[in-house]
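Chemist: Below you'll find the structure I mean.
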Amino acid sequence: MEKELVGKRPHFRPAKSRFNIYRVMLLLGLILAGLWLLLAAQRGQVKPLFQPTPTPTRIASSYILEAQAYFEAGKLYDPDPPKPTPPNPDAIDAYQKALEIDPNDAQAWAEMARIQTYAINMLSSDAERQTKLDEALQSINKAIELNPDDSTTHAVRAFVLDWNASYARDETEAADLLKEAEGEAVRAYQLDPQNALALAFYAEVLLDQQKWLQAEQYAAQAVALDPSSMDVHRVYATVLESLGQYNSAIKEYLQAIAINPNLTFLYVYIGRNYARLASNNPTSPLFTTALDYYAKAADINAQLGVTNPIPYIEIAKTYSQMGEFFIASRNAEKALSFDPTNANTYGQLGIIYVRSRNYEGAMEALRCSVRGCTADENETAKNLVDQTLLPSSVSVEGLPLTNLTVAYYYVEYGTVLAFLSRPNQNNCPEATGVLEQVRAQYSDDPILMSIVADSEGICARVGSGAPPPEPTVEMPETTPTLGASP
């Protein structure tokens, strides 16, 4: 018999739950936090987890490879990259980025110094070249500090010092720089007698010390040691060019181009040698060959987006030698449009105008070159604006009197101003002051003193009321050689 259940009967209704205020507050907090994260993500204030960074981190070696590629492409340095963005990077830019990541890489410092030195071939003003050479010297000094016993580093320092000597303030400073460069080259050779770069740059120093035979001997040895080096062929060609062996120099420059076919300054060097071979014959077909090499340099620069006026200056000078003054002027104006504040280019254009007997145009260009001019005074730039070669006129800072600029001084004030003087428009008082400046600085130069005396004679005739003669001064080549002695 089943037993009856006794006691309190069970029932199955759920027990009443108690209200928990803390649990509710927690849930509300989580809901509000979720809404805040959603809104922040929509506004870009919060990034999702595991999203890749927008700019991947690069290592120094990748920038060095990039710099080497730019050098091989001929894009050493662009002094005036196109505006606006995107940027137009070059070999020096890439080395600088590599050294920001690894500032203790002595080899990278040395290689950047070498490229900074070669980069002055992309510049057409003395001030810009000197700035770049100063930067090269700082770079190679850092390399020496980091690795004082490396042969190539000392060889590159000899190279940098040698090219700096060409822009020294006076002969004493130049001699000191060359002596220091010689010491660096000797040290490089002692550290590694088989280092062809050490021998080549030693030859370059000897060349600038006018030790011709030794320079040729060491340059030839360097080529024999490493015929695959652009630098050693370039040095040997420079030595041969300085010795007047222009055909042999061209062959060596062509060897350098075979190794590095995109270095535009090598084409300029070859063109200059062909122009020298043709210098005594205005109708020589070698002038056309020279123009072809200059045009090749200009084409490579255009492909790279580099605005380098030097090929156009050389083209202008060559056409001037050929007696084609109109086309010479047009190419000089093209060069000026690339760098309209460059006083040196105004000087080159002024000399071309003199040769073409455009004396008024020459006076305006040379005045900006020597004295400087404001945008309102710059008639040369205004003419380029009229030709749509410039958007607006610019001011120009005049050049100081140096070995590289003295021709602009005596051409403007010793020839053009004096010739254009008349009793009712006498420019001679201004000319006389500058002629005295040239006389004071170059009194031991008989050629310059003869030109100054002729110019003073013109002014004397103007003062007496007689008409001045037409200028007969043969204008020298005034663009500095951009090679071992740039």
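Identifiers in this document derive from the order of the structure tokens: chains are assigned A, B, ..., residues are numbered from 1 separately in each chain, and ligands are numbered from 1 in order of occurrence.
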Could you make a table, as a tab-separated table, of the residues of segment 321-352 of chain A that have an atom within 10 Å of an atom of segment 395-405 of chain A, each with its nearest atom pair and distance in Å to one decimal, counting only C-alpha atoms, in chain and number order?

Modeler:
residue	atom	partner	partner_atom	distance
A:Pro340	CA	A:Val396	CA	8.0
A:Thr341	CA	A:Val396	CA	5.0
A:Asn342	CA	A:Val396	CA	6.9
A:Ala343	CA	A:Gly398	CA	6.1
A:Asn344	CA	A:Leu399	CA	7.5
A:Tyr346	CA	A:Val396	CA	9.2
A:Gly347	CA	A:Thr405	CA	8.3

Chemist: Generate a file of the selected residues that holds N, CA and C atoms, formatted as an mmCIF file, in the first residue's frame.

Modeler:
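And here's again.cif as it stands now:
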data_model
loop_
_atom_site.group_PDB
_atom_site.id
_atom_site.type_symbol
_atom_site.label_atom_id
_atom_site.label_comp_id
_atom_site.auth_asym_id
_atom_site.auth_seq_id
_atom_site.Cartn_x
_atom_site.Cartn_y
_atom_site.Cartn_z
ATOM 1 N N PRO A 340 66.368 80.792 -63.510
ATOM 2 C CA PRO A 340 66.356 82.212 -63.880
ATOM 3 C C PRO A 340 67.021 83.137 -62.881
ATOM 4 N N THR A 341 67.434 82.639 -61.725
ATOM 5 C CA THR A 341 68.138 83.484 -60.758
ATOM 6 C C THR A 341 69.644 83.250 -60.775
ATOM 7 N N ASN A 342 70.127 82.448 -61.713
ATOM 8 C CA ASN A 342 71.539 82.076 -61.760
ATOM 9 C C ASN A 342 72.343 83.146 -62.482
ATOM 10 N N ALA A 343 73.136 83.894 -61.732
ATOM 11 C CA ALA A 343 73.894 85.005 -62.310
ATOM 12 C C ALA A 343 74.923 84.533 -63.319
ATOM 13 N N ASN A 344 75.464 83.335 -63.131
ATOM 14 C CA ASN A 344 76.460 82.819 -64.066
ATOM 15 C C ASN A 344 75.863 82.626 -65.466
ATOM 16 N N TYR A 346 73.369 84.281 -66.743
ATOM 17 C CA TYR A 346 73.217 85.613 -67.341
ATOM 18 C C TYR A 346 74.539 86.061 -67.965
ATOM 19 N N GLY A 347 75.648 85.754 -67.292
ATOM 20 C CA GLY A 347 76.945 86.114 -67.838
ATOM 21 C C GLY A 347 77.231 85.395 -69.138
#

Chemist: Could you check which of A:His233, A:Ser337, A:Glu66, A:Asn262 is closest to Pro89 of chain A, using only C-alpha atoms?

Modeler: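 Checking each candidate against Pro89 of chain A, we get A:Glu66 as the closest.
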
Chemist: Interatomic distance between atom CA of Asp93 of chain A and atom CA of Tyr269 of chain A?

Modeler: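 Atom-to-atom, atom CA of Asp93 of chain A to atom CA of Tyr269 of chain A, that is 25.5 Å.
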